[in-house]
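*Asks:* Have a look at this one before I ask anything.
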Amino acid sequence: MTYTTFTYAVADHIAHIELCRPQALNTMNKEFWDEIPAVFAAIDSDPSVRAVVISSTGKHFTAGLDLNWAGGTLGGHHPDAGRAREKMRRHIKNMQEPFNAVDRCRVPVIAAIHGGCIGGGVDFVTACDIRIASADAFFAIQEINIAIVADVGTLQRIPHLLPQGLIRELAFTGRRWPASEALRFGFVNSVHETREATIAAALAMAQEIASKSPLAIAGIKQVLNAGRDMTIDQGLEYVAVWNAAMLQGDDMTRAVMAQMQKSRAAFDDLAA
């Protein structure tokens with residue numbers, strides 16, 4: 001498939017998605033909302049992919065929702081108020097799905113963020129497993145500034161990443177919070193001097209992840225994601241069942257032997 005809002009390439013088990021509409025500040029137009037689920041479906045069906053890096057081009061990572069396009073989606077009101085609202089609910093649910101696809105991706109997703117990450121950009125990166133930023137990066141839960149409630153993932157995922165008081169301040173005020181503050185509160189894993197250094201760090205981390213057992217990596221992500229909605233006891237039972245089912249291949253034997261021999265284990269891709 002040819003994508004118009006980003007480039008896509010796979011090399012050395014790493015899929016790299018790079019937003020490529022810098023002249024439009026990488027705003028999220030209709031094609032973006034269609035193409036993100038499609039590319040993550042391609043990733044999930046490609047057993048050679050073991051990690052994903054998302055980066056961007058131009059001045060900003062993304063300025064968020066394309067308001068010109070979004071405004072057009074609000075037209076055509078149904079004469080029946082209930083049916084009009086039900087249609088709007090379906091529209092919002094459809095817009096949630098691209099970032100659900102990122103969250104559910106069977107492999108770790110690393111966001112390499114530079115410049116502004118605004119509005120929908122925060123929804124996007126909170127759906128990723130790991131965030132790495134450049135020194136000039138900043139974030140804004142922008143929706144309050146256009147008088148709406150953020151509705152495609154930020155308010156649901158960010159409570160697992162930041163303290164409640166800070167979340168509420170950021171969501172209520174829409175203020176910009178810089179990479180240094182994001183690092184202090186653990187929202188980003190590291191901060192690098194330039195966009196290029198940030199992407200290089202993300203790719204290096206992806207390469208390290210790709211060197212591990214892909215079956216174990218898939219299990220870690222599945223267990224962590226499932227645990228967000230479980231009690232500790234439920235989570236312990238879930239991981240016990242997962243490992244009882246999945247630890248039947250030879251990945252653990254290879255990993256242990258490599259540790260003993262002070263070498264690097266080689267693991268097979270997951271089954272197609």
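Naming works like this for the structure tokens: A, B, ... for the chains as they're shown, residue 1 at the start of each chain, ligands 1 onward in shown order.
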With only C-alpha atoms as the counted atoms, please give the residues lying no more than 8 Å from A:Ala255, apart from itself and same-chain residues fewer than 4 positions off, as a list in words.

*Replies:* Ser213, Asp251, Gln259, Arg264 and Ala265 of chain A

*Asks:* Determine, for each residue of stretch 96-208 of chain A having at least one atom at most 8 Å from an atom of stretch 49-58 of chain A, the closest pair of atoms and their separation in Å to one decimal, counting only C-alpha atoms; order by chain and ascending number, as a Markdown table.

*Replies:*
```
| residue | atom | partner | partner_atom | distance |
| --- | --- | --- | --- | --- |
| A:Val107 | CA | A:Ala51 | CA | 5.3 |
| A:Pro108 | CA | A:Ala51 | CA | 5.2 |
| A:Val109 | CA | A:Val52 | CA | 4.6 |
| A:Ile110 | CA | A:Val53 | CA | 4.8 |
| A:Ala111 | CA | A:Ile54 | CA | 4.8 |
| A:Ala112 | CA | A:Ser55 | CA | 4.9 |
| A:Ile113 | CA | A:Ser55 | CA | 6.3 |
| A:His114 | CA | A:Ser56 | CA | 7.6 |
| A:Ile199 | CA | A:Ser55 | CA | 6.8 |
| A:Ala202 | CA | A:Val53 | CA | 6.6 |
| A:Leu203 | CA | A:Val53 | CA | 6.7 |
| A:Ala206 | CA | A:Ala51 | CA | 5.6 |
| A:Gln207 | CA | A:Ala51 | CA | 7.7 |
```

*Asks:* Those same residues, written as a PDB file, in the first residue's frame with N, CA, C and O atoms?

*Replies:*
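To be explicit, this is the file written out as result_16.pdb:
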```pdb
ATOM      1  N   VAL A 107       3.967  -5.610  18.840  1.00  0.00           N
ATOM      2  CA  VAL A 107       5.372  -5.309  19.131  1.00  0.00           C
ATOM      3  C   VAL A 107       5.470  -3.927  19.768  1.00  0.00           C
ATOM      4  O   VAL A 107       4.577  -3.093  19.615  1.00  0.00           O
ATOM      5  N   PRO A 108       6.561  -3.652  20.481  1.00  0.00           N
ATOM      6  CA  PRO A 108       6.721  -2.329  21.087  1.00  0.00           C
ATOM      7  C   PRO A 108       6.796  -1.211  20.050  1.00  0.00           C
ATOM      8  O   PRO A 108       7.400  -1.370  18.990  1.00  0.00           O
ATOM      9  N   VAL A 109       6.176  -0.084  20.388  1.00  0.00           N
ATOM     10  CA  VAL A 109       6.153   1.102  19.522  1.00  0.00           C
ATOM     11  C   VAL A 109       6.851   2.243  20.259  1.00  0.00           C
ATOM     12  O   VAL A 109       6.475   2.579  21.385  1.00  0.00           O
ATOM     13  N   ILE A 110       7.866   2.825  19.617  1.00  0.00           N
ATOM     14  CA  ILE A 110       8.660   3.903  20.206  1.00  0.00           C
ATOM     15  C   ILE A 110       8.395   5.182  19.422  1.00  0.00           C
ATOM     16  O   ILE A 110       8.567   5.206  18.202  1.00  0.00           O
ATOM     17  N   ALA A 111       7.986   6.237  20.108  1.00  0.00           N
ATOM     18  CA  ALA A 111       7.786   7.543  19.465  1.00  0.00           C
ATOM     19  C   ALA A 111       9.041   8.389  19.649  1.00  0.00           C
ATOM     20  O   ALA A 111       9.534   8.547  20.768  1.00  0.00           O
ATOM     21  N   ALA A 112       9.569   8.919  18.549  1.00  0.00           N
ATOM     22  CA  ALA A 112      10.709   9.848  18.566  1.00  0.00           C
ATOM     23  C   ALA A 112      10.150  11.231  18.242  1.00  0.00           C
ATOM     24  O   ALA A 112       9.824  11.518  17.090  1.00  0.00           O
ATOM     25  N   ILE A 113      10.034  12.081  19.249  1.00  0.00           N
ATOM     26  CA  ILE A 113       9.250  13.318  19.165  1.00  0.00           C
ATOM     27  C   ILE A 113      10.161  14.537  19.135  1.00  0.00           C
ATOM     28  O   ILE A 113      11.057  14.669  19.969  1.00  0.00           O
ATOM     29  N   HIS A 114       9.916  15.424  18.190  1.00  0.00           N
ATOM     30  CA  HIS A 114      10.636  16.700  18.159  1.00  0.00           C
ATOM     31  C   HIS A 114       9.622  17.818  17.945  1.00  0.00           C
ATOM     32  O   HIS A 114       8.517  17.588  17.440  1.00  0.00           O
ATOM     33  N   ILE A 199      15.904  10.449  16.880  1.00  0.00           N
ATOM     34  CA  ILE A 199      15.541   9.310  16.033  1.00  0.00           C
ATOM     35  C   ILE A 199      16.596   8.218  16.143  1.00  0.00           C
ATOM     36  O   ILE A 199      16.267   7.022  16.220  1.00  0.00           O
ATOM     37  N   ALA A 202      16.020   6.332  19.286  1.00  0.00           N
ATOM     38  CA  ALA A 202      14.850   5.463  19.173  1.00  0.00           C
ATOM     39  C   ALA A 202      15.167   4.209  18.365  1.00  0.00           C
ATOM     40  O   ALA A 202      14.774   3.096  18.729  1.00  0.00           O
ATOM     41  N   LEU A 203      15.901   4.386  17.270  1.00  0.00           N
ATOM     42  CA  LEU A 203      16.266   3.236  16.445  1.00  0.00           C
ATOM     43  C   LEU A 203      17.214   2.299  17.189  1.00  0.00           C
ATOM     44  O   LEU A 203      17.118   1.071  17.059  1.00  0.00           O
ATOM     45  N   ALA A 206      15.111   0.364  19.549  1.00  0.00           N
ATOM     46  CA  ALA A 206      14.348  -0.623  18.784  1.00  0.00           C
ATOM     47  C   ALA A 206      15.222  -1.812  18.394  1.00  0.00           C
ATOM     48  O   ALA A 206      14.779  -2.968  18.430  1.00  0.00           O
ATOM     49  N   GLN A 207      16.471  -1.540  18.029  1.00  0.00           N
ATOM     50  CA  GLN A 207      17.386  -2.615  17.658  1.00  0.00           C
ATOM     51  C   GLN A 207      17.669  -3.519  18.855  1.00  0.00           C
ATOM     52  O   GLN A 207      17.737  -4.751  18.719  1.00  0.00           O
TER      53      GLN A 207
END
```

*Asks:* Taking the DSSP assignment computed from this structure's backbone, write out as a list of chain:residue names all residues of stretch 159-204 of chain A that belong to strand (DSSP E).

*Replies:* A:Trp177, A:Pro178, A:Ser190, A:Val191, A:His192

*Asks:* As an MDAnalysis selection string, please: the residues near A:Thr154 (cut-off 12 Å, only C-alpha atoms, same-chain neighbours under 6 positions excluded).

*Replies:* chainID A and resid 96 99:100 103 118:128 139:143 160:162 167:168 170:171

*Asks:* Assign secondary structure with DSSP using the backbone only, and return the residues of stretch 36-189 of chain A in helix (DSSP H, G or I) as a ChimeraX atom specification.

*Replies:* /A:36-44,67-73,81-104,120-126,142-146,154-160,164-173,179-184

*Asks:* Give me, please, the distance in Å between atom CA of A:His13 and atom CA of A:Ser48, quoted to one decimal.

*Replies:*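 Computing the Euclidean distance for atom CA of A:His13 and atom CA of A:Ser48 yields 5.5 Å.
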
*Asks:* For A:Ile146, which residue among A:Ala258, A:Pro79, A:Ala84, A:Leu67 is the nearest when counting only C-alpha atoms?

*Replies:*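 Among the listed residues, A:Leu67 lies closest to A:Ile146.
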
*Asks:* In Å, rounded to a single decimal, give me how far atom CA of A:Val191 is from atom CA of A:Ala133.

*Replies:*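 The value is 4.8 Å.
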
*Asks:* Give the answer as one residue: which of A:Arg21, A:Glu193, A:Arg176, A:Asp229 has the shortest atom-to-atom distance to A:Gln156, using only C-alpha atoms?

*Replies:* A:Asp229

*Asks:* Which value, in Å to one decimal, gives the distance between atom CA of A:Arg131 and atom CA of A:Ser190?

*Replies:*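 Straight-line distance from atom CA of A:Arg131 to atom CA of A:Ser190 works out to 7.8 Å.
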
*Asks:* Please determine, counting only C-alpha atoms, which residue among A:Ser211, A:His16, A:Ala244, A:Thr2 has the shortest atom-to-atom distance to A:Ile43.

*Replies:*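 Among the listed residues, A:His16 lies closest to A:Ile43.
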
*Asks:* Please list as a PDB file with C-alpha atoms, in the first residue's frame every residue within 8 Å of A:Thr173, counting only C-alpha atoms and excluding residues in the same chain fewer than 3 positions away.

*Replies:*
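So the final result, stored in result_2.pdb, reads:
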```pdb
ATOM      1  CA  ILE A 144      -9.544  22.543  25.890  1.00  0.00           C
ATOM      2  CA  ASN A 145      -8.321  25.505  23.804  1.00  0.00           C
ATOM      3  CA  GLU A 169      -3.636  20.888  35.222  1.00  0.00           C
ATOM      4  CA  LEU A 170      -2.506  20.089  31.674  1.00  0.00           C
TER       5      LEU A 170
END
```

*Asks:* Given the choices A:Ala81, A:Leu270, A:Val223, A:Ile209, which gets closest to A:Asp46 if the distance is worked out from only C-alpha atoms?

*Replies:*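 Smallest separation from A:Asp46 among the options: A:Leu270.
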
*Asks:* Need the shell around A:Thr5: protein/DNA/RNA residues with any atom at most 7 Å away, counting only C-alpha atoms. Skip same-chain ones fewer than 4 positions apart. Format as an MDAnalysis selection string?

*Replies:* chainID A and resid 19:21 31:32
